[in-house]
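Participant: Once you've had a glance at the structure underneath, I'll fire off some questions.
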Number of protein chains: 2
Amino acid sequence: MLRTILAAVMLSAIFMSRSEAQALQPPNLMPQPAHAQLGNGQLLIGPTFSVAITGQKEARLQRAVELFLIQLGQQIGMPPIDMMVTGSTNATLVIQCASGTRSVQELGEDESYRLEIGNSGAKLSAATALGVMRGLQTFLQLVTTTGEGFAAPAVVIDDNPRFPWRGLMIDVGRHFIPLDVLKRNLDGMAAVKLNVFHWHLSENQGFRVESKTFPKLHEMGSDGLYYTQNEVRELIAYARERGIRVVPEFDMPGHSTAWFVGYPELASAPGPYEIERKWGVFDPAMDPTREETYKFLDKFIGEMTGLFPDQFFHIGGDEVNGKQWDANPKIQQFMRAHGLKDNGDLQAYFNKRVQQIVSKHGKTMLGWDEILRPDLPNSIVIQSWRGPDSLAQAAKQGYRGLLSSGFYVDLMWSAERHYATDPMSGAAASLSADEQKRVLGGEACMWAEYVSPENIDSRIWPRTAAIAERLWSPQDVRDLNSMYQRLEEESLRLDWLGLTHNSSYDLMLRRIAGTDDVAALKVLADVLEPVKDYTREQTATEPATSAKPLNRVVDAVRPESATARQFADSVNALVAGSARPGTEARVRSLLNRWRDNQLELQPLFEKSLLLKEVAPISQNLSALGGAGLAALDYLDRGERAPAAWVTQQTAIVEQAKKPQSQLLIMVAPSIQKLIEASAGQVASSSSPLPAK
Amino acid sequence: MLRTILAAVMLSAIFMSRSEAQALQPPNLMPQPAHAQLGNGQLLIGPTFSVAITGQKEARLQRAVELFLIQLGQQIGMPPIDMMVTGSTNATLVIQCASGTRSVQELGEDESYRLEIGNSGAKLSAATALGVMRGLQTFLQLVTTTGEGFAAPAVVIDDNPRFPWRGLMIDVGRHFIPLDVLKRNLDGMAAVKLNVFHWHLSENQGFRVESKTFPKLHEMGSDGLYYTQNEVRELIAYARERGIRVVPEFDMPGHSTAWFVGYPELASAPGPYEIERKWGVFDPAMDPTREETYKFLDKFIGEMTGLFPDQFFHIGGDEVNGKQWDANPKIQQFMRAHGLKDNGDLQAYFNKRVQQIVSKHGKTMLGWDEILRPDLPNSIVIQSWRGPDSLAQAAKQGYRGLLSSGFYVDLMWSAERHYATDPMSGAAASLSADEQKRVLGGEACMWAEYVSPENIDSRIWPRTAAIAERLWSPQDVRDLNSMYQRLEEESLRLDWLGLTHNSSYDLMLRRIAGTDDVAALKVLADVLEPVKDYTREQTATEPATSAKPLNRVVDAVRPESATARQFADSVNALVAGSARPGTEARVRSLLNRWRDNQLELQPLFEKSLLLKEVAPISQNLSALGGAGLAALDYLDRGERAPAAWVTQQTAIVEQAKKPQSQLLIMVAPSIQKLIEASAGQVASSSSPLPAK
């Protein structure tokens, strides 16, 4: 029965163009699979659901199925105990796995799978347990509520990743992030098929791993906030069960103040050192001229490569300002003696020595852009924070590379902007086929100046799911509406994994408001976003430090306002005359709410210090609401708004557009559009709006 | 400065009556302390907050302060690293602890404390670290958002518990509850000053602890869902850090089918046995006549008393139906030979033997009502599920006892009803002083037929906080309005501990609706409660089993509807003519919403099987809304509703009052009241309502 349906589905698929095939995409998958065709009907998922593993058997595969059943159980509210793993091929879902996986997950292991779902059963085939894991995640995304019960649609999916390296970096140096928070984020990564967790473990502000060889690293450099080696092993095992590699980064020779608290002799200037509390680029750097430095690093890297099994070892290598080197006569003397003409040369010398150590311990060195110098072997991998052009340059020189520029989730960009970033864009687009192969993929980067265990999930999710799609799905998957629609679905699904990107919003607003009735605050917060890029640091009234609480409105609001995005769509449709019925009513209802919200919020300002700083923003939003309503009135009457009024309202908008308390009112540009339309400044708006 | 204020506060307190003192109670404390007087001003809590420990120092005390700082950090959104524990007496909060605690927490250890908060500092004094823990929880409850920042009011609190045994029992036998869920519930217990976690570890449906002596107990009796001994130790340590004792229960000789799967020779009838999947009282019981039974129990209890350090060991002892005993000729012969005239005698014989074993292993035996028989020593403790009278009877016979009758949170009673239950009520009220001392306290009981890790928190919290207050606070603390107001606050505070009693509601409704737009479903679900007592089992269309998913509306809705309670208050005020302005408008708004909600919900019924079963309930709520509105109209016009109309509407109410899909519409009685009032059946409603 299953076979018959699938055969029919496949037959019809042969004659389809890509766009026709797109129309047959099952809903809600993120990342979008390489190939998918919806069939007819659906497979009901109930308490009699069972899974059979045929072909290759390994403990990791068995565990993957267990985890799948737990997750499915959560999703549909049935205890996994009732959904047996059976040996029989009569199971609802039959898994066929061709061969085993490596004892340490490797870059480029086969992750492809084929998932066939019919009315009476499903089959998942893959070359390896990794492919099975990816396919099981797809299966989970397909299960929805229906009138007949939980079900997955009949479908045939053939899927494989575009890039072999799809990562998420989390900086646990600037703010310590506890193990359970990392675990739930690994669950999120697995859900969207990311396969590398890049663990940024040391920073000026903290050294986060227990070292048995050099215990003063974590004892004196972490405020007691570090992972024990057992915890590290626990996390690596957790990641492995989810098909995720763990790449450690120990940033050197810069970004290393926390090392020097316990071992000042490593630095290029005499100590003593303290854990850094501020953000930025700092002077302390390792002394690349002393042999003792390399002896230390040899032992340290030996210990850490023993702890972290992955083939790759990240040495950071970014942002050395060179001031300590310039000021140290011995270092200057060394440079002259060795013909190193500048600090770049000195760092290259350091990198070469470290590369030899890393290589001696059997690992491949990975570092940020700066490590790229011609005298390093082609085996090293470059992670680009500068952009695709620097990535292309590396590829041309024979180096493999990863894109992270454009994927920095701490910069508070929209999902759209991250989604538009492509490792194969810019200069990379014109690489030869061989050079292109050196572009391994990319990594979302969660730098941690402004994240705590409480809000980090909301900075990573759901936007990272859009980055994951960019790195997994075919390059031509780029429909924005579809992306946002699926992103919203995925965001809700991630709630089931215990991620707090949605739930912490309410909690934080409650704390700010000092009451559980946060309706009015939410109306405001829903249209706000934190300032972008590095503006938060630049506009701070006093220097930010790691001791500053992250409990302000800017810490609670979402990086991307869905309300503002949807409002912009509605306004665009209105001024273009292409709005569907009901649009203007919805727009008016929002504008009314914004205008009147200030009155509701007012009494709370005096009751909460944390709320007080957004009082002027609330005032501005109220003014914007009023301006938008008046503009709509002009448009409705088909009357051109008077110039004086337009000037006045434009001033209101300009005022509202200015960042305040490091927040932006994201609906301001749409209100501006309404005002411009009412003034006849938009071509199609000279005609009155369609009837409501 | 602090001293001066405190002296003033205390001076004024001397001349106060109890009711005057009540008026000076700080808000939001739950349980209410024994004595408290609010002062003037407040203590600001910010990043410079620090704690000093003076007097007795022990690791447990240090850890208690760390946990306090973590929790305070979460509550106010500041990293605990910034709120140092100092040795200096210049700290914001100075802790003075007189003496150390026992290596294993004992029943009756001193939990009293004195907390003095002034404008510039606070002092917490206690006899033991336990008192410090209780005082720190009080401190956390006092911290609120203010216009000046986070702050605690100036206050002097002298507090101590009414009963020394204040417990929560969780049944992990019928549904396995993972360790992390138990941990967050221990956090909740600590927050409301409960001090005994009673771990109901074995049932017909599962044996949940690893036994190294008899491994087939957990291997064959648990579906793989059990706690390892390391996990047990981890939980006990976790509880100890929070001042909570852990009392294990292994139910015998009945409720023990799961034991017999691996060890059928223990039973009174030949096997084989399977893990029980249904709920109820079953035939299998241990064979009390074989010496091998006691040899087994001796080894087993020896192993478990080694694992669980608490002085008390609970042997269950409840609900033996005796059928296996009646049917076994050897057992009958044994009874005749030993002069045991009925099964009660036989069980008493068993209990006596088991008591000797428990005692031999240095522990005190605890069991349910049934174990109370004159031939057992006075050292045993009786846990009463039958009521205060049976507790009083035990106390008169010299036995110590605990009340659990009236505290069964699985019965879905209101907090009010639990709150009205008092261990010293009924026959216990007339006990002599010495006898009263034998009433040790009580335990909330979470029996687990219908709870999963997903909804168990919502069955325990917040109602258990009301029970905790009953067991901690003075007997005359019984103001219902105050209790409900503080209960709501406490419920929100418990969110910060990771308890999911609030958050899982939305998630479960989303799953049921198959969409994240659950507004309409929530309007309905907010006024529903699960049927009470054992009605769910009695009205099930097919027998409930442990394999049944717990994902229905009845599993999601709260045990007590706050909406219905508040609506009832409003309606009562309206018909009594004592309503404040705005009350009728609020009542009308709710009635309108209920009437119209069915239209909004209608389209979803066909899309979700889980939702379909509440379609008739939604229809009934809609009818109730209409009836209520019409009744209000009559009242507003001062017109007596026609008898025919009243009859018709009463029929609607009667229909709506019937349980459907094991749910009750909790606003039906209030609508009935409106109808009766409109018909002039309530004395004070003959006059028209006050103007809106």
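Convention: chains lettered A, B, ... in structure tokens order; per-chain residue numbering from 1; ligands numbered from 1 as shown.
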Within 9 Å of chain B, which residues of chain A are there when counting only C-alpha atoms? Please give them as number ranges by chain.
Facilitator: A: 47, 74-79, 81-82, 144-150, 223-225, 452, 454, 489, 492, 495-496, 503, 507-508, 511-516, 547-552, 604-612
Participant: Using only C-alpha atoms, determine which residues lie at most 8 Å from range 660-663 of chain B, disregarding the query and same-chain residues fewer than 6 positions distant; provide the list as a list in words.
Facilitator: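 Final neighbour list, sorted by chain and number: Leu528, Glu529, Pro530, Val531, Thr535, Arg536, Thr539, Ala540, Val554, Glu613, Val614 and Ile617 of chain B.
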Participant: Write to file, as a compact mmCIF listing (two decimals), in the first residue's frame, the residues of the selection just made, with all heavy atoms.
Facilitator:
```txt
# COMPACT_ATOMS: atom_id res chain seq x y z
N LEU B 528 -13.14 26.31 33.06
CA LEU B 528 -13.36 24.87 33.26
C LEU B 528 -12.46 24.34 34.37
O LEU B 528 -11.38 24.87 34.62
CB LEU B 528 -13.07 24.10 31.97
CG LEU B 528 -13.88 24.47 30.73
CD1 LEU B 528 -13.48 23.58 29.57
CD2 LEU B 528 -15.38 24.34 31.00
N GLU B 529 -12.95 23.29 35.01
CA GLU B 529 -12.11 22.54 35.94
C GLU B 529 -12.34 21.06 35.69
O GLU B 529 -13.42 20.67 35.25
CB GLU B 529 -12.48 22.87 37.41
CG GLU B 529 -12.06 24.25 37.87
CD GLU B 529 -12.48 24.55 39.32
OE1 GLU B 529 -12.86 23.60 40.05
OE2 GLU B 529 -12.44 25.74 39.70
N PRO B 530 -11.36 20.23 36.00
CA PRO B 530 -11.59 18.79 35.92
C PRO B 530 -12.63 18.38 36.96
O PRO B 530 -12.75 19.05 37.99
CB PRO B 530 -10.22 18.18 36.28
CG PRO B 530 -9.23 19.29 36.16
CD PRO B 530 -9.98 20.56 36.43
N VAL B 531 -13.34 17.29 36.69
CA VAL B 531 -14.30 16.79 37.69
C VAL B 531 -13.53 16.44 38.97
O VAL B 531 -12.33 16.23 38.95
CB VAL B 531 -15.06 15.55 37.16
CG1 VAL B 531 -16.08 15.96 36.12
CG2 VAL B 531 -14.10 14.50 36.62
N THR B 535 -14.35 11.12 40.33
CA THR B 535 -15.33 11.09 39.25
C THR B 535 -14.70 10.78 37.89
O THR B 535 -15.32 10.18 37.03
CB THR B 535 -16.06 12.46 39.17
OG1 THR B 535 -16.40 12.86 40.47
CG2 THR B 535 -17.29 12.36 38.30
N ARG B 536 -13.45 11.19 37.71
CA ARG B 536 -12.83 10.96 36.40
C ARG B 536 -12.78 9.46 36.08
O ARG B 536 -13.13 9.04 34.97
CB ARG B 536 -11.41 11.54 36.36
CG ARG B 536 -10.74 11.30 35.01
CD ARG B 536 -9.61 12.26 34.74
NE ARG B 536 -9.00 11.98 33.45
CZ ARG B 536 -7.95 12.62 32.98
NH1 ARG B 536 -7.39 13.59 33.67
NH2 ARG B 536 -7.46 12.32 31.79
N THR B 539 -16.39 8.08 35.53
CA THR B 539 -17.14 8.48 34.35
C THR B 539 -16.39 8.21 33.05
O THR B 539 -16.82 8.63 31.99
CB THR B 539 -17.46 9.99 34.40
OG1 THR B 539 -16.20 10.69 34.48
CG2 THR B 539 -18.32 10.35 35.60
N ALA B 540 -15.27 7.52 33.14
CA ALA B 540 -14.50 7.24 31.92
C ALA B 540 -15.29 6.30 31.02
O ALA B 540 -15.91 5.35 31.50
CB ALA B 540 -13.15 6.63 32.28
N VAL B 554 -9.08 18.10 29.77
CA VAL B 554 -9.16 17.85 31.22
C VAL B 554 -7.78 17.79 31.86
O VAL B 554 -7.60 18.09 33.04
CB VAL B 554 -9.97 16.56 31.52
CG1 VAL B 554 -9.27 15.32 30.98
CG2 VAL B 554 -10.23 16.41 33.01
N GLU B 613 -13.94 17.19 21.62
CA GLU B 613 -14.76 16.74 22.74
C GLU B 613 -15.30 17.88 23.59
O GLU B 613 -16.21 17.66 24.39
CB GLU B 613 -13.99 15.73 23.62
CG GLU B 613 -12.78 16.31 24.32
CD GLU B 613 -12.22 15.36 25.39
OE1 GLU B 613 -12.97 14.56 25.95
OE2 GLU B 613 -11.00 15.46 25.69
N VAL B 614 -14.75 19.09 23.43
CA VAL B 614 -15.30 20.20 24.23
C VAL B 614 -16.29 21.05 23.44
O VAL B 614 -16.77 22.06 23.96
CB VAL B 614 -14.19 21.08 24.86
CG1 VAL B 614 -13.38 20.28 25.87
CG2 VAL B 614 -13.30 21.72 23.81
N ILE B 617 -19.40 21.57 25.32
CA ILE B 617 -19.17 22.41 26.50
C ILE B 617 -19.13 23.88 26.09
O ILE B 617 -19.68 24.75 26.74
CB ILE B 617 -17.85 22.00 27.21
CG1 ILE B 617 -17.89 20.51 27.54
CG2 ILE B 617 -17.64 22.83 28.46
CD1 ILE B 617 -16.64 19.98 28.21
```
Participant: At a cut-off of 7 Å, using only C-alpha atoms, what residues contact Gly262 in chain A? Leave out same-chain residues fewer than 5 positions from it and give the result as a list in words.
Facilitator: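 Counting only C-alpha atoms, the residues come to Lys216, Leu217, Met220 and Gly221 of chain A.
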Participant: Calculate how many Å separate CA of Ser430 in chain A from CA of Leu402 in chain A, rounding to one decimal.
Facilitator: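 Result for CA of Ser430 in chain A versus CA of Leu402 in chain A: 16.6 Å, one decimal.
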Participant: Can you pull out every residue from range 333-522 of chain B that DSSP, working from the backbone, puts in strand (DSSP E), and format the result as number ranges by chain?
Facilitator: B: 364-368, 381-384, 400-403, 439-446
Participant: Work out how far apart CA of Ala428 in chain B and CA of Ala348 in chain B are and give it in Å to one decimal.
Facilitator: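 That distance, rounded to one decimal, is 24.8 Å.
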Participant: According to DSSP computed on the backbone, where in range 407-470 of chain A is there helix (DSSP H, G or I)? Give the residues as number ranges by chain.
Facilitator: A: 409-411, 415-419, 426-430, 433-437, 456-460, 463-470
Participant: Which residues, written as a count of residues only, have at least one atom at most 8 Å from Val527 in chain A, with only C-alpha atoms counted and residues fewer than 3 positions away on the same chain left out?
Facilitator: 9
Participant: Using only C-alpha atoms, which residues sit within 9 Å of Thr293 in chain A once same-chain residues fewer than 5 positions away are excluded, as a list of chain:residue names?
Facilitator: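 The contact residues come out as A:Glu265, A:Leu266, A:Ala267, A:Met286, A:Asp287, A:Pro288, A:Asp298.
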Participant: Quick one: everything within 10 Å of Gly628 in chain A, counting only C-alpha atoms, minus sequence neighbours fewer than 6 positions away in the same chain. Send it as an mmCIF file with all heavy atoms, in the first residue's frame.
Facilitator:
```
data_model
loop_
_atom_site.group_PDB
_atom_site.id
_atom_site.type_symbol
_atom_site.label_atom_id
_atom_site.label_comp_id
_atom_site.auth_asym_id
_atom_site.auth_seq_id
_atom_site.Cartn_x
_atom_site.Cartn_y
_atom_site.Cartn_z
ATOM 1 N N VAL A 587 -5.034 47.805 10.777
ATOM 2 C CA VAL A 587 -4.048 48.875 10.949
ATOM 3 C C VAL A 587 -4.590 49.932 11.913
ATOM 4 O O VAL A 587 -3.899 50.374 12.829
ATOM 5 C CB VAL A 587 -3.673 49.487 9.583
ATOM 6 C CG1 VAL A 587 -2.932 50.808 9.753
ATOM 7 C CG2 VAL A 587 -2.821 48.495 8.796
ATOM 8 N N ARG A 588 -5.828 50.305 11.722
ATOM 9 C CA ARG A 588 -6.443 51.311 12.611
ATOM 10 C C ARG A 588 -6.495 50.811 14.048
ATOM 11 O O ARG A 588 -6.234 51.554 14.992
ATOM 12 C CB ARG A 588 -7.861 51.635 12.143
ATOM 13 C CG ARG A 588 -7.903 52.655 11.020
ATOM 14 C CD ARG A 588 -9.333 53.133 10.771
ATOM 15 N NE ARG A 588 -9.344 54.116 9.695
ATOM 16 C CZ ARG A 588 -9.153 55.422 9.880
ATOM 17 N NH1 ARG A 588 -8.953 55.899 11.095
ATOM 18 N NH2 ARG A 588 -9.156 56.253 8.853
ATOM 19 N N LEU A 590 -4.514 48.731 15.512
ATOM 20 C CA LEU A 590 -3.171 48.828 16.104
ATOM 21 C C LEU A 590 -2.817 50.273 16.449
ATOM 22 O O LEU A 590 -2.314 50.564 17.538
ATOM 23 C CB LEU A 590 -2.125 48.251 15.144
ATOM 24 C CG LEU A 590 -2.018 46.719 15.101
ATOM 25 C CD1 LEU A 590 -1.152 46.266 13.931
ATOM 26 C CD2 LEU A 590 -1.451 46.174 16.418
ATOM 27 N N LEU A 591 -3.076 51.180 15.503
ATOM 28 C CA LEU A 591 -2.746 52.593 15.728
ATOM 29 C C LEU A 591 -3.484 53.139 16.944
ATOM 30 O O LEU A 591 -2.922 53.871 17.761
ATOM 31 C CB LEU A 591 -3.086 53.410 14.480
ATOM 32 C CG LEU A 591 -2.193 53.149 13.258
ATOM 33 C CD1 LEU A 591 -2.805 53.766 11.993
ATOM 34 C CD2 LEU A 591 -0.776 53.684 13.483
ATOM 35 N N ASN A 592 -4.751 52.768 17.060
ATOM 36 C CA ASN A 592 -5.535 53.184 18.227
ATOM 37 C C ASN A 592 -4.910 52.692 19.515
ATOM 38 O O ASN A 592 -4.783 53.429 20.494
ATOM 39 C CB ASN A 592 -6.960 52.607 18.130
ATOM 40 C CG ASN A 592 -7.901 53.591 17.461
ATOM 41 O OD1 ASN A 592 -7.968 54.745 17.858
ATOM 42 N ND2 ASN A 592 -8.605 53.127 16.441
ATOM 43 N N TRP A 594 -1.845 51.833 20.084
ATOM 44 C CA TRP A 594 -0.584 52.513 20.378
ATOM 45 C C TRP A 594 -0.827 53.924 20.926
ATOM 46 O O TRP A 594 -0.165 54.344 21.861
ATOM 47 C CB TRP A 594 0.309 52.563 19.116
ATOM 48 C CG TRP A 594 0.733 51.195 18.668
ATOM 49 C CD1 TRP A 594 0.864 50.095 19.461
ATOM 50 C CD2 TRP A 594 1.055 50.770 17.339
ATOM 51 N NE1 TRP A 594 1.255 49.004 18.701
ATOM 52 C CE2 TRP A 594 1.380 49.385 17.399
ATOM 53 C CE3 TRP A 594 1.104 51.407 16.091
ATOM 54 C CZ2 TRP A 594 1.748 48.651 16.263
ATOM 55 C CZ3 TRP A 594 1.478 50.673 14.973
ATOM 56 C CH2 TRP A 594 1.792 49.311 15.050
ATOM 57 N N ARG A 595 -1.780 54.612 20.304
ATOM 58 C CA ARG A 595 -2.067 55.964 20.748
ATOM 59 C C ARG A 595 -2.532 55.968 22.207
ATOM 60 O O ARG A 595 -2.095 56.778 23.014
ATOM 61 C CB ARG A 595 -3.140 56.597 19.854
ATOM 62 C CG ARG A 595 -3.395 58.075 20.162
ATOM 63 C CD ARG A 595 -4.678 58.558 19.502
ATOM 64 N NE ARG A 595 -5.806 57.707 19.885
ATOM 65 C CZ ARG A 595 -6.987 57.725 19.283
ATOM 66 N NH1 ARG A 595 -7.204 58.530 18.236
ATOM 67 N NH2 ARG A 595 -7.959 56.937 19.689
ATOM 68 N N SER A 622 2.807 56.699 21.307
ATOM 69 C CA SER A 622 1.469 57.279 21.360
ATOM 70 C C SER A 622 1.308 58.344 20.268
ATOM 71 O O SER A 622 0.308 58.360 19.536
ATOM 72 C CB SER A 622 1.278 57.882 22.760
ATOM 73 O OG SER A 622 0.020 58.461 22.873
ATOM 74 N N GLN A 649 4.079 66.333 11.561
ATOM 75 C CA GLN A 649 4.027 64.888 11.824
ATOM 76 C C GLN A 649 5.373 64.238 11.510
ATOM 77 O O GLN A 649 5.790 63.289 12.186
ATOM 78 C CB GLN A 649 2.916 64.225 10.988
ATOM 79 C CG GLN A 649 1.534 64.806 11.213
ATOM 80 C CD GLN A 649 1.126 64.790 12.672
ATOM 81 O OE1 GLN A 649 1.127 63.748 13.311
ATOM 82 N NE2 GLN A 649 0.809 65.953 13.227
ATOM 83 N N VAL A 653 7.778 61.790 13.743
ATOM 84 C CA VAL A 653 8.376 60.518 13.319
ATOM 85 C C VAL A 653 9.893 60.551 13.506
ATOM 86 O O VAL A 653 10.495 59.600 14.018
ATOM 87 C CB VAL A 653 8.017 60.200 11.850
ATOM 88 C CG1 VAL A 653 8.813 58.996 11.370
ATOM 89 C CG2 VAL A 653 6.526 59.946 11.700
ATOM 90 N N ALA A 668 7.988 53.082 13.373
ATOM 91 C CA ALA A 668 8.114 54.478 12.939
ATOM 92 C C ALA A 668 8.207 54.623 11.406
ATOM 93 O O ALA A 668 7.506 55.460 10.823
ATOM 94 C CB ALA A 668 9.307 55.136 13.642
ATOM 95 N N SER A 670 6.971 52.839 9.073
ATOM 96 C CA SER A 670 5.673 52.579 8.430
ATOM 97 C C SER A 670 4.721 53.751 8.636
ATOM 98 O O SER A 670 3.937 54.101 7.746
ATOM 99 C CB SER A 670 5.043 51.303 8.989
ATOM 100 O OG SER A 670 5.854 50.196 8.691
ATOM 101 N N ILE A 671 4.777 54.355 9.809
ATOM 102 C CA ILE A 671 3.951 55.538 10.062
ATOM 103 C C ILE A 671 4.389 56.656 9.099
ATOM 104 O O ILE A 671 3.549 57.365 8.516
ATOM 105 C CB ILE A 671 4.099 56.030 11.519
ATOM 106 C CG1 ILE A 671 3.843 54.891 12.510
ATOM 107 C CG2 ILE A 671 3.216 57.239 11.786
ATOM 108 C CD1 ILE A 671 2.421 54.532 12.779
ATOM 109 N N GLN A 672 5.693 56.780 8.933
ATOM 110 C CA GLN A 672 6.212 57.771 7.997
ATOM 111 C C GLN A 672 5.631 57.538 6.595
ATOM 112 O O GLN A 672 5.221 58.472 5.914
ATOM 113 C CB GLN A 672 7.733 57.660 7.954
ATOM 114 C CG GLN A 672 8.399 58.716 7.087
ATOM 115 C CD GLN A 672 9.905 58.724 7.300
ATOM 116 O OE1 GLN A 672 10.480 57.757 7.823
ATOM 117 N NE2 GLN A 672 10.559 59.803 6.885
ATOM 118 N N LYS A 673 5.562 56.286 6.202
ATOM 119 C CA LYS A 673 5.010 55.951 4.892
ATOM 120 C C LYS A 673 3.549 56.395 4.790
ATOM 121 O O LYS A 673 3.124 56.916 3.757
ATOM 122 C CB LYS A 673 5.109 54.430 4.691
ATOM 123 C CG LYS A 673 5.757 54.067 3.372
ATOM 124 C CD LYS A 673 6.006 52.593 3.258
ATOM 125 C CE LYS A 673 7.494 52.339 3.024
ATOM 126 N NZ LYS A 673 7.790 50.895 2.902
ATOM 127 N N LEU A 674 2.806 56.196 5.860
ATOM 128 C CA LEU A 674 1.398 56.619 5.849
ATOM 129 C C LEU A 674 1.298 58.132 5.703
ATOM 130 O O LEU A 674 0.462 58.649 4.948
ATOM 131 C CB LEU A 674 0.692 56.173 7.142
ATOM 132 C CG LEU A 674 0.270 54.711 7.245
ATOM 133 C CD1 LEU A 674 -0.327 54.433 8.622
ATOM 134 C CD2 LEU A 674 -0.734 54.351 6.140
ATOM 135 N N ILE A 675 2.169 58.844 6.427
ATOM 136 C CA ILE A 675 2.150 60.308 6.359
ATOM 137 C C ILE A 675 2.513 60.768 4.948
ATOM 138 O O ILE A 675 1.841 61.632 4.359
ATOM 139 C CB ILE A 675 3.111 60.911 7.409
ATOM 140 C CG1 ILE A 675 2.589 60.596 8.823
ATOM 141 C CG2 ILE A 675 3.265 62.417 7.216
ATOM 142 C CD1 ILE A 675 3.613 60.837 9.921
ATOM 143 N N SER A 678 -0.321 60.208 2.683
ATOM 144 C CA SER A 678 -1.409 61.159 2.882
ATOM 145 C C SER A 678 -1.065 62.514 2.272
ATOM 146 O O SER A 678 -1.945 63.305 1.938
ATOM 147 C CB SER A 678 -1.721 61.310 4.373
ATOM 148 O OG SER A 678 -0.706 62.086 5.002
#
```
Participant: State, in Å with one decimal place, the distance from CA of Pro248 in chain B to CA of Trp199 in chain B.
Facilitator: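 For CA of Pro248 in chain B relative to CA of Trp199 in chain B, the distance reads 4.9 Å.
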Participant: Pick out the residues sitting within 12 Å of Glu234 in chain A, and hand them over as number ranges by chain; count only C-alpha atoms, and ignore anything fewer than 4 positions along from it in its own chain.
Facilitator: A: 179-180, 182-183, 227-230, 238-241, 246, 307-308
Participant: Would you output that residue set with C-alpha atoms, as a CSV table (one decimal), in the first residue's frame?
Facilitator:
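Okay, selection-v3.csv is ready:
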```
chain,number,residue,atom,x,y,z
A,179,LEU,CA,25.4,23.5,31.1
A,180,ASP,CA,21.7,23.0,31.0
A,182,LEU,CA,23.8,24.9,26.5
A,183,LYS,CA,22.0,21.5,26.4
A,227,TYR,CA,32.8,23.6,33.4
A,228,THR,CA,34.4,20.7,35.1
A,229,GLN,CA,36.1,18.2,32.7
A,230,ASN,CA,33.3,15.8,33.5
A,238,TYR,CA,25.0,15.0,24.6
A,239,ALA,CA,26.0,16.7,21.4
A,240,ARG,CA,27.1,13.4,19.8
A,241,GLU,CA,23.7,11.8,20.5
A,246,VAL,CA,31.9,20.1,19.5
A,307,LEU,CA,39.4,16.3,26.5
A,308,PHE,CA,37.8,17.5,23.2
```
Participant: Using only C-alpha atoms, which of A:Leu635, A:Asp283, A:Tyr273, A:Ala395 sits nearest Ala327 in chain A?
Facilitator: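 Closest candidate: A:Asp283.
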